[in-house]
Amino acid sequence: MNLPMVEEHGVGQQAIWRSWSGEVFNVGEGRTIKGRFEWIGDDFVPMMKIQILHGKNVTSPKEALVNEEFVRRAGWTDEPIGKQLSIWGKEVTIVGVMKNFSVQSVYHPQYPVLLLGSGSDSNPGLHYVRLKEPFDENLKKLNALMAETFPTEDIIFYSLTQKLDEQYTDITRFRNAVLLASISIFFIALMGLLGYVGDEIRFCRKEIAIRKVNGADTCGILKLFSANVLWTALPAVLIGAGLAYWIGMKWLEQFSESVNLSIWLFAGVIAFVLVVILVCVILKAWEVANENPVNSIANE
């Protein structure tokens, strides 16, 4: 596909954002496995940036690629390259092993995948293109060109990223709702903290004045308030972070692929929350810590 806005082109038979066709494969020694398969052109793999771990790309209808999960389920402990598979009465040769990748969505477990070479004389069901930047603008130009070139045909290119994101609309909404709720709860908790510190200051104003008369400085007064608040805040923050980590791990179990929840991420959040608490306490207690103790005692 020699178009100015297109960087790479590949062909296949089925939409990658949907479920590829399923098949039962005879992998030898009387064993069978269930997996997914797709017919592809030899330009599909490089265009999709699929990593071939061993072997080479398909170049003819008699060749096939399998992924790591296919090799694992088949129980092939020896070299899979060169093995023969019979598919609908046709013998194909395994010429390469691909790194695992999701088919349909990450809600589903990793499938064994087999990609069959379709040959140059096949009629592809779908054309995939990798556009040059800017992507959105070039996508509009490409569809406008298709409408102009084929006015009687309904040829439309869609954003693969958009198609994949549509599968996770509910997850995105849930994430946004949790984020908004967390921010709201955080600020409500800060308001409660400021109210709590204000009450403590009013109750301890005379005590602070007496401490200052006896030689306590501003830094010592602030440390006193900070220590009292931290003894309450620290266990609460640690328990909250622990529950958040556990709930997050449980929530990620629904996906076949997920990020690793780093303990350092939660440690950073704990440190941030504690710093915010300390800053609030210091700002709230700063005035009374620097107040003339004579005025405080007289007001009492």
# chains A, B, ... in the order shown; residues from 1 in each chain; ligands from 1
call {"tool": "residues_around", "arguments": {"residues": "A:Met47", "least_positions_apart": "4", "cutoff": "10 Å", "atoms": "only C-alpha atoms", "output": "ChimeraX atom specification"}}
result
/A:7-11,42-43,128-130
call {"tool": "write_last_selection", "arguments": {"atoms": "C-alpha atoms", "output": "PDB file, in the first residue's frame"}}
result
ATOM      1  CA  GLU A   7       4.099   3.663   7.182  1.00  0.00           C
ATOM      2  CA  GLU A   8       3.440  -0.105   7.133  1.00  0.00           C
ATOM      3  CA  HIS A   9       0.738  -2.424   5.829  1.00  0.00           C
ATOM      4  CA  GLY A  10      -0.383  -5.938   6.755  1.00  0.00           C
ATOM      5  CA  VAL A  11      -3.265  -8.256   5.929  1.00  0.00           C
ATOM      6  CA  ASP A  42       3.915 -12.244   5.406  1.00  0.00           C
ATOM      7  CA  ASP A  43       3.669  -8.504   6.161  1.00  0.00           C
ATOM      8  CA  TYR A 128      -4.109  -3.235   8.714  1.00  0.00           C
ATOM      9  CA  VAL A 129      -2.009  -0.100   8.335  1.00  0.00           C
ATOM     10  CA  ARG A 130       0.424   1.677  10.627  1.00  0.00           C
TER      11      ARG A 130
END
call {"tool": "residues_around", "arguments": {"residues": "A:Glu69", "least_positions_apart": "5", "cutoff": "8 Å", "atoms": "only C-alpha atoms", "output": "PDB file with N, CA, C and O atoms, in the first residue's frame"}}
result
ATOM      1  N   ASN A 100       4.220 -14.521  23.482  1.00  0.00           N
ATOM      2  CA  ASN A 100       2.788 -14.470  23.760  1.00  0.00           C
ATOM      3  C   ASN A 100       2.235 -13.058  23.615  1.00  0.00           C
ATOM      4  O   ASN A 100       2.888 -12.076  23.966  1.00  0.00           O
ATOM      5  N   GLN A 110      -4.412 -16.405  28.371  1.00  0.00           N
ATOM      6  CA  GLN A 110      -3.543 -16.506  27.199  1.00  0.00           C
ATOM      7  C   GLN A 110      -3.873 -17.760  26.404  1.00  0.00           C
ATOM      8  O   GLN A 110      -3.814 -18.871  26.904  1.00  0.00           O
ATOM      9  N   TYR A 111      -4.253 -17.562  25.143  1.00  0.00           N
ATOM     10  CA  TYR A 111      -4.608 -18.683  24.283  1.00  0.00           C
ATOM     11  C   TYR A 111      -3.369 -19.214  23.560  1.00  0.00           C
ATOM     12  O   TYR A 111      -2.455 -18.445  23.237  1.00  0.00           O
ATOM     13  N   PRO A 112      -3.338 -20.494  23.250  1.00  0.00           N
ATOM     14  CA  PRO A 112      -2.399 -20.969  22.230  1.00  0.00           C
ATOM     15  C   PRO A 112      -2.792 -20.361  20.891  1.00  0.00           C
ATOM     16  O   PRO A 112      -3.969 -20.372  20.531  1.00  0.00           O
ATOM     17  N   VAL A 113      -1.842 -19.803  20.182  1.00  0.00           N
ATOM     18  CA  VAL A 113      -2.142 -19.108  18.926  1.00  0.00           C
ATOM     19  C   VAL A 113      -1.310 -19.712  17.805  1.00  0.00           C
ATOM     20  O   VAL A 113      -0.110 -19.969  17.982  1.00  0.00           O
TER      21      VAL A 113
END
call {"tool": "atom_distance", "arguments": {"atom1": "atom CA of A:Phe225", "atom2": "atom CA of A:Ala189"}}
result
17.7 Å
call {"tool": "select_by_dssp", "arguments": {"residues": "stretch 63-202 of chain A", "states": "strand (DSSP E)", "output": "list in words"}}
result
Glu63, Ala64, Leu65, Val66, Asn67, Gln84, Leu85, Ser86, Ile87, Lys90, Glu91, Val92, Thr93, Ile94, Val95, Gly96, Val97, Met98, Val113, Leu114, Leu115, Leu116, Gly117, Leu126, His127, Tyr128, Val129, Arg130 and Leu131 of chain A
call {"tool": "closest_residue", "arguments": {"among": "A:Gly240, A:Pro46, A:Pro61, A:Gly220", "to": "A:Lys90", "atoms": "only C-alpha atoms"}}
result
A:Pro61
call {"tool": "select_by_dssp", "arguments": {"residues": "stretch 66-240 of chain A", "states": "alpha helix (DSSP H)", "output": "PyMOL selection string"}}
result
chain A and resi 68-74+135-149+160-166+169-213+218-240
call {"tool": "closest_residue", "arguments": {"among": "A:Leu234, A:Val106, A:Val66, A:Met48", "to": "A:Arg18", "atoms": "only C-alpha atoms"}}
result
A:Val106
call {"tool": "closest_residue", "arguments": {"among": "A:Leu3, A:Gly75, A:Val58, A:Gln51", "to": "A:Val27", "atoms": "only C-alpha atoms"}}
result
A:Gly75
call {"tool": "closest_residue", "arguments": {"among": "A:Ile263, A:His108, A:Leu114, A:Phe187", "to": "A:Ser21", "atoms": "only C-alpha atoms"}}
result
A:Leu114
call {"tool": "residues_around", "arguments": {"residues": "stretch 251-254 of chain A", "least_positions_apart": "5", "cutoff": "12 Å", "atoms": "only C-alpha atoms", "output": "NGL selection string"}}
result
:A and (105-109 or 171 or 174-175 or 244-246 or 259-261)
call {"tool": "write_last_selection", "arguments": {"atoms": "N, CA, C and O atoms", "output": "mmCIF file, in the first residue's frame"}}
result
data_model
loop_
_atom_site.group_PDB
_atom_site.id
_atom_site.type_symbol
_atom_site.label_atom_id
_atom_site.label_comp_id
_atom_site.auth_asym_id
_atom_site.auth_seq_id
_atom_site.Cartn_x
_atom_site.Cartn_y
_atom_site.Cartn_z
ATOM 1 N N SER A 105 -8.977 -9.798 24.200
ATOM 2 C CA SER A 105 -8.808 -8.809 25.268
ATOM 3 C C SER A 105 -8.057 -9.462 26.419
ATOM 4 O O SER A 105 -7.906 -10.680 26.476
ATOM 5 N N VAL A 106 -7.608 -8.617 27.360
ATOM 6 C CA VAL A 106 -6.867 -9.146 28.512
ATOM 7 C C VAL A 106 -7.801 -9.702 29.575
ATOM 8 O O VAL A 106 -7.348 -10.123 30.642
ATOM 9 N N TYR A 107 -9.128 -9.699 29.322
ATOM 10 C CA TYR A 107 -10.040 -10.401 30.222
ATOM 11 C C TYR A 107 -9.893 -11.914 30.068
ATOM 12 O O TYR A 107 -10.223 -12.671 30.973
ATOM 13 N N HIS A 108 -9.420 -12.335 28.900
ATOM 14 C CA HIS A 108 -9.346 -13.755 28.586
ATOM 15 C C HIS A 108 -7.941 -14.287 28.877
ATOM 16 O O HIS A 108 -6.958 -13.560 28.756
ATOM 17 N N PRO A 109 -7.837 -15.559 29.231
ATOM 18 C CA PRO A 109 -6.516 -16.138 29.487
ATOM 19 C C PRO A 109 -5.699 -16.205 28.202
ATOM 20 O O PRO A 109 -6.232 -16.073 27.094
ATOM 21 N N ILE A 171 -14.210 -0.561 32.764
ATOM 22 C CA ILE A 171 -13.042 -0.488 33.637
ATOM 23 C C ILE A 171 -12.562 0.957 33.775
ATOM 24 O O ILE A 171 -12.209 1.416 34.867
ATOM 25 N N PHE A 174 -14.932 2.795 36.053
ATOM 26 C CA PHE A 174 -14.700 2.383 37.443
ATOM 27 C C PHE A 174 -13.432 3.033 38.002
ATOM 28 O O PHE A 174 -13.428 3.542 39.122
ATOM 29 N N ARG A 175 -12.359 3.048 37.179
ATOM 30 C CA ARG A 175 -11.117 3.685 37.614
ATOM 31 C C ARG A 175 -11.323 5.161 37.905
ATOM 32 O O ARG A 175 -10.859 5.677 38.933
ATOM 33 N N ALA A 244 -5.389 -1.353 50.473
ATOM 34 C CA ALA A 244 -5.399 -0.926 49.070
ATOM 35 C C ALA A 244 -4.589 -1.891 48.210
ATOM 36 O O ALA A 244 -4.992 -2.236 47.093
ATOM 37 N N TYR A 245 -3.448 -2.348 48.734
ATOM 38 C CA TYR A 245 -2.615 -3.294 47.987
ATOM 39 C C TYR A 245 -3.352 -4.616 47.797
ATOM 40 O O TYR A 245 -3.364 -5.181 46.695
ATOM 41 N N TRP A 246 -3.979 -5.108 48.838
ATOM 42 C CA TRP A 246 -4.686 -6.394 48.763
ATOM 43 C C TRP A 246 -5.867 -6.314 47.802
ATOM 44 O O TRP A 246 -6.059 -7.199 46.957
ATOM 45 N N VAL A 259 -0.234 -5.023 35.306
ATOM 46 C CA VAL A 259 0.992 -4.395 35.789
ATOM 47 C C VAL A 259 1.358 -4.995 37.144
ATOM 48 O O VAL A 259 0.518 -5.574 37.841
ATOM 49 N N ASN A 260 2.597 -4.854 37.510
ATOM 50 C CA ASN A 260 3.056 -5.271 38.831
ATOM 51 C C ASN A 260 2.885 -4.111 39.808
ATOM 52 O O ASN A 260 3.374 -3.010 39.552
ATOM 53 N N LEU A 261 2.172 -4.365 40.889
ATOM 54 C CA LEU A 261 1.994 -3.331 41.905
ATOM 55 C C LEU A 261 3.268 -3.256 42.752
ATOM 56 O O LEU A 261 3.485 -4.085 43.629
#
call {"tool": "closest_residue", "arguments": {"among": "A:Val281, A:Ile40, A:Ala181, A:Met98", "to": "A:Ile16", "atoms": "only C-alpha atoms"}}
result
A:Ile40
call {"tool": "residues_around", "arguments": {"residues": "A:Tyr196", "least_positions_apart": "5", "cutoff": "10 Å", "atoms": "only C-alpha atoms", "output": "CSV table (one decimal) with all heavy atoms, in the first residue's frame"}}
result
chain,number,residue,atom,x,y,z
A,190,LEU,N,-8.5,15.6,55.3
A,190,LEU,CA,-7.7,16.8,55.7
A,190,LEU,C,-8.5,17.8,56.4
A,190,LEU,O,-8.0,18.4,57.4
A,190,LEU,CB,-7.1,17.4,54.4
A,190,LEU,CG,-5.9,16.6,53.8
A,190,LEU,CD1,-5.4,17.4,52.6
A,190,LEU,CD2,-4.8,16.4,54.8
A,191,MET,N,-9.7,18.0,56.0
A,191,MET,CA,-10.6,19.0,56.7
A,191,MET,C,-10.8,18.5,58.2
A,191,MET,O,-10.8,19.3,59.1
A,191,MET,CB,-11.9,19.1,56.0
A,191,MET,CG,-11.8,19.8,54.6
A,191,MET,SD,-13.4,19.7,53.7
A,191,MET,CE,-14.5,20.6,54.8
A,201,ILE,N,-5.3,22.4,69.8
A,201,ILE,CA,-4.6,23.6,70.1
A,201,ILE,C,-5.3,24.4,71.1
A,201,ILE,O,-4.8,25.0,72.1
A,201,ILE,CB,-4.4,24.5,68.8
A,201,ILE,CG1,-3.3,23.8,67.9
A,201,ILE,CG2,-3.9,25.9,69.1
A,201,ILE,CD1,-3.2,24.4,66.6
A,229,VAL,N,0.0,13.7,66.5
A,229,VAL,CA,-0.8,13.4,65.4
A,229,VAL,C,-0.3,12.2,64.6
A,229,VAL,O,-1.0,11.3,64.1
A,229,VAL,CB,-0.9,14.6,64.4
A,229,VAL,CG1,-1.6,14.2,63.1
A,229,VAL,CG2,-1.6,15.7,65.1
A,281,VAL,N,-0.4,20.1,60.1
A,281,VAL,CA,-0.3,20.3,61.5
A,281,VAL,C,0.6,21.5,61.8
A,281,VAL,O,0.3,22.4,62.7
A,281,VAL,CB,0.3,19.0,62.2
A,281,VAL,CG1,0.7,19.3,63.6
A,281,VAL,CG2,-0.7,17.9,62.1
call {"tool": "residues_around", "arguments": {"residues": "A:Ser159", "least_positions_apart": "2", "cutoff": "10 Å", "atoms": "only C-alpha atoms", "output": "ChimeraX atom specification"}}
result
/A:128-131,135-136,139,157,161-165
call {"tool": "write_last_selection", "arguments": {"atoms": "N, CA, C and O atoms", "output": "compact mmCIF listing (two decimals), in the first residue's frame"}}
result
# COMPACT_ATOMS: atom_id res chain seq x y z
N TYR A 128 -4.62 -4.00 7.58
CA TYR A 128 -4.11 -3.23 8.71
C TYR A 128 -3.03 -2.28 8.21
O TYR A 128 -2.19 -2.66 7.39
N VAL A 129 -3.04 -1.06 8.72
CA VAL A 129 -2.01 -0.10 8.34
C VAL A 129 -1.47 0.57 9.60
O VAL A 129 -2.21 0.78 10.57
N ARG A 130 -0.19 0.86 9.57
CA ARG A 130 0.42 1.68 10.63
C ARG A 130 0.65 3.06 10.03
O ARG A 130 1.42 3.22 9.08
N LEU A 131 -0.04 4.05 10.59
CA LEU A 131 -0.01 5.39 10.03
C LEU A 131 1.16 6.20 10.58
O LEU A 131 1.63 5.97 11.70
N PHE A 135 -1.47 10.82 13.85
CA PHE A 135 -2.30 9.66 13.54
C PHE A 135 -3.75 10.04 13.23
O PHE A 135 -4.32 9.58 12.24
N ASP A 136 -4.37 10.85 14.08
CA ASP A 136 -5.78 11.18 13.90
C ASP A 136 -6.00 11.91 12.57
O ASP A 136 -6.95 11.63 11.84
N LEU A 139 -5.54 9.46 9.71
CA LEU A 139 -6.67 8.52 9.62
C LEU A 139 -7.82 9.17 8.86
O LEU A 139 -8.47 8.52 8.03
N PHE A 157 -11.39 2.68 7.54
CA PHE A 157 -10.33 2.28 8.47
C PHE A 157 -10.65 2.84 9.86
O PHE A 157 -11.05 4.00 9.99
N THR A 161 -6.43 1.18 18.35
CA THR A 161 -6.37 1.58 19.77
C THR A 161 -7.76 1.89 20.30
O THR A 161 -8.12 1.48 21.41
N GLN A 162 -8.56 2.60 19.50
CA GLN A 162 -9.92 2.92 19.91
C GLN A 162 -10.77 1.68 20.05
O GLN A 162 -11.54 1.54 21.01
N LYS A 163 -10.64 0.75 19.10
CA LYS A 163 -11.41 -0.49 19.16
C LYS A 163 -11.06 -1.30 20.41
O LYS A 163 -11.93 -1.90 21.05
N LEU A 164 -9.77 -1.33 20.75
CA LEU A 164 -9.36 -2.07 21.94
C LEU A 164 -9.82 -1.37 23.21
O LEU A 164 -10.26 -2.01 24.17
N ASP A 165 -9.74 -0.02 23.22
CA ASP A 165 -10.16 0.74 24.41
C ASP A 165 -11.65 0.59 24.68
O ASP A 165 -12.08 0.65 25.84
call {"tool": "closest_residue", "arguments": {"among": "A:Glu38, A:Ile221, A:Arg73, A:Pro4", "to": "A:Asn138", "atoms": "only C-alpha atoms"}}
result
A:Pro4
call {"tool": "atom_distance", "arguments": {"atom1": "atom CA of A:Asn143", "atom2": "atom CA of A:Gln13"}}
result
20.3 Å
call {"tool": "residues_around", "arguments": {"residues": "A:Glu63", "least_positions_apart": "6", "cutoff": "8 Å", "atoms": "only C-alpha atoms", "output": "JSON, numbers by chain"}}
result
{"A": [92, 93, 94, 95, 116, 117]}
call {"tool": "atom_distance", "arguments": {"atom1": "atom CA of A:Glu287", "atom2": "atom CA of A:Gly192"}}
result
19.2 Å
call {"tool": "residues_around", "arguments": {"residues": "A:Val273", "least_positions_apart": "3", "cutoff": "12 Å", "atoms": "only C-alpha atoms", "output": "short mmCIF file (atom, residue, chain, number, x, y, z; two decimals) with all heavy atoms, in the first residue's frame"}}
result
data_model
loop_
_atom_site.label_atom_id
_atom_site.label_comp_id
_atom_site.auth_asym_id
_atom_site.auth_seq_id
_atom_site.Cartn_x
_atom_site.Cartn_y
_atom_site.Cartn_z
N ILE A 183 -9.83 11.06 45.88
CA ILE A 183 -9.43 12.45 46.05
C ILE A 183 -10.40 13.18 47.00
O ILE A 183 -9.97 13.95 47.88
CB ILE A 183 -9.37 13.17 44.69
CG1 ILE A 183 -8.25 12.57 43.83
CG2 ILE A 183 -9.15 14.67 44.86
CD1 ILE A 183 -8.20 13.11 42.42
N PHE A 186 -9.78 12.07 50.51
CA PHE A 186 -8.51 12.63 50.99
C PHE A 186 -8.71 14.05 51.51
O PHE A 186 -8.24 14.40 52.61
CB PHE A 186 -7.49 12.61 49.86
CG PHE A 186 -6.15 13.19 50.23
CD1 PHE A 186 -5.30 12.53 51.08
CD2 PHE A 186 -5.76 14.42 49.72
CE1 PHE A 186 -4.06 13.06 51.43
CE2 PHE A 186 -4.53 14.96 50.05
CZ PHE A 186 -3.68 14.29 50.91
N PHE A 187 -9.44 14.86 50.76
CA PHE A 187 -9.63 16.26 51.18
C PHE A 187 -10.59 16.35 52.36
O PHE A 187 -10.43 17.21 53.24
CB PHE A 187 -10.14 17.10 50.01
CG PHE A 187 -9.06 17.49 49.04
CD1 PHE A 187 -8.98 16.90 47.81
CD2 PHE A 187 -8.11 18.45 49.39
CE1 PHE A 187 -7.96 17.25 46.92
CE2 PHE A 187 -7.10 18.81 48.52
CZ PHE A 187 -7.02 18.21 47.27
N ALA A 189 -10.78 14.09 54.67
CA ALA A 189 -9.94 13.69 55.81
C ALA A 189 -9.04 14.83 56.26
O ALA A 189 -8.82 15.03 57.47
CB ALA A 189 -9.10 12.47 55.43
N LEU A 190 -8.53 15.61 55.30
CA LEU A 190 -7.68 16.77 55.66
C LEU A 190 -8.49 17.81 56.42
O LEU A 190 -7.99 18.42 57.38
CB LEU A 190 -7.08 17.39 54.40
CG LEU A 190 -5.91 16.65 53.76
CD1 LEU A 190 -5.38 17.44 52.57
CD2 LEU A 190 -4.79 16.38 54.76
N LEU A 230 1.05 12.05 64.48
CA LEU A 230 1.64 10.93 63.74
C LEU A 230 1.37 9.59 64.40
O LEU A 230 1.22 8.57 63.72
CB LEU A 230 3.14 11.14 63.56
CG LEU A 230 3.56 12.13 62.48
CD1 LEU A 230 5.08 12.25 62.42
CD2 LEU A 230 3.01 11.70 61.12
N ALA A 233 -1.94 8.89 63.04
CA ALA A 233 -2.03 8.81 61.58
C ALA A 233 -1.26 7.64 60.99
O ALA A 233 -1.72 6.99 60.03
CB ALA A 233 -1.53 10.11 60.96
N LEU A 234 -0.08 7.35 61.55
CA LEU A 234 0.78 6.33 60.96
C LEU A 234 0.11 4.95 60.89
O LEU A 234 0.11 4.32 59.81
CB LEU A 234 2.11 6.26 61.72
CG LEU A 234 3.14 5.29 61.13
CD1 LEU A 234 3.48 5.67 59.70
CD2 LEU A 234 4.41 5.28 61.99
N ALA A 236 -3.04 4.25 60.84
CA ALA A 236 -4.17 4.35 59.92
C ALA A 236 -3.69 4.32 58.47
O ALA A 236 -4.28 3.64 57.61
CB ALA A 236 -4.96 5.63 60.19
N VAL A 237 -2.61 5.06 58.17
CA VAL A 237 -2.08 5.10 56.81
C VAL A 237 -1.53 3.74 56.41
O VAL A 237 -1.74 3.28 55.28
CB VAL A 237 -1.00 6.19 56.69
CG1 VAL A 237 -0.30 6.11 55.32
CG2 VAL A 237 -1.60 7.57 56.87
N LEU A 238 -0.83 3.06 57.30
CA LEU A 238 -0.27 1.74 56.99
C LEU A 238 -1.37 0.71 56.74
O LEU A 238 -1.29 -0.09 55.80
CB LEU A 238 0.63 1.27 58.14
CG LEU A 238 1.95 2.05 58.32
CD1 LEU A 238 2.69 1.54 59.55
CD2 LEU A 238 2.82 1.90 57.07
N GLY A 240 -4.44 1.38 55.77
CA GLY A 240 -5.09 1.76 54.52
C GLY A 240 -4.29 1.34 53.31
O GLY A 240 -4.85 0.82 52.33
N ALA A 241 -2.97 1.51 53.36
CA ALA A 241 -2.12 1.11 52.23
C ALA A 241 -2.13 -0.41 52.06
O ALA A 241 -2.15 -0.92 50.94
CB ALA A 241 -0.70 1.61 52.46
N PHE A 266 3.43 2.20 46.79
CA PHE A 266 2.65 2.39 48.01
C PHE A 266 3.46 3.09 49.09
O PHE A 266 2.92 3.88 49.86
CB PHE A 266 2.14 1.03 48.52
CG PHE A 266 1.05 0.46 47.67
CD1 PHE A 266 1.35 -0.30 46.55
CD2 PHE A 266 -0.28 0.67 47.97
CE1 PHE A 266 0.35 -0.83 45.75
CE2 PHE A 266 -1.29 0.15 47.18
CZ PHE A 266 -0.97 -0.61 46.07
N ALA A 267 4.76 2.81 49.15
CA ALA A 267 5.63 3.51 50.10
C ALA A 267 5.67 5.00 49.79
O ALA A 267 5.66 5.84 50.70
CB ALA A 267 7.03 2.91 50.06
N GLY A 268 5.70 5.33 48.50
CA GLY A 268 5.70 6.74 48.11
C GLY A 268 4.40 7.43 48.49
O GLY A 268 4.40 8.58 48.94
N VAL A 269 3.27 6.74 48.33
CA VAL A 269 1.97 7.30 48.71
C VAL A 269 1.91 7.51 50.22
O VAL A 269 1.42 8.54 50.70
CB VAL A 269 0.83 6.39 48.23
CG1 VAL A 269 -0.50 6.87 48.79
CG2 VAL A 269 0.78 6.36 46.71
N ILE A 270 2.42 6.52 50.98
CA ILE A 270 2.44 6.65 52.44
C ILE A 270 3.26 7.87 52.85
O ILE A 270 2.84 8.67 53.69
CB ILE A 270 3.01 5.37 53.08
CG1 ILE A 270 2.05 4.21 52.90
CG2 ILE A 270 3.31 5.59 54.56
CD1 ILE A 270 2.61 2.87 53.34
N VAL A 276 1.97 15.51 53.91
CA VAL A 276 0.84 16.43 53.87
C VAL A 276 0.26 16.64 55.26
O VAL A 276 -0.08 17.77 55.66
CB VAL A 276 -0.24 15.90 52.90
CG1 VAL A 276 -1.52 16.73 53.01
CG2 VAL A 276 0.27 15.95 51.47
N ILE A 277 0.14 15.56 56.03
CA ILE A 277 -0.37 15.66 57.40
C ILE A 277 0.53 16.56 58.25
O ILE A 277 0.06 17.44 58.98
CB ILE A 277 -0.52 14.26 58.02
CG1 ILE A 277 -1.65 13.49 57.33
CG2 ILE A 277 -0.77 14.36 59.52
CD1 ILE A 277 -1.77 12.05 57.77
N LEU A 278 1.84 16.33 58.15
CA LEU A 278 2.78 17.15 58.92
C LEU A 278 2.71 18.61 58.54
O LEU A 278 2.74 19.50 59.41
CB LEU A 278 4.21 16.62 58.72
CG LEU A 278 4.58 15.34 59.47
CD1 LEU A 278 5.98 14.89 59.08
CD2 LEU A 278 4.50 15.56 60.98
N VAL A 279 2.61 18.89 57.25
CA VAL A 279 2.52 20.28 56.80
C VAL A 279 1.26 20.94 57.35
O VAL A 279 1.30 22.09 57.82
CB VAL A 279 2.54 20.35 55.25
CG1 VAL A 279 2.20 21.75 54.76
CG2 VAL A 279 3.91 19.94 54.73
N CYS A 280 0.13 20.23 57.31
CA CYS A 280 -1.12 20.78 57.84
C CYS A 280 -1.01 21.06 59.34
O CYS A 280 -1.48 22.10 59.84
CB CYS A 280 -2.27 19.80 57.57
SG CYS A 280 -2.72 19.67 55.82
#
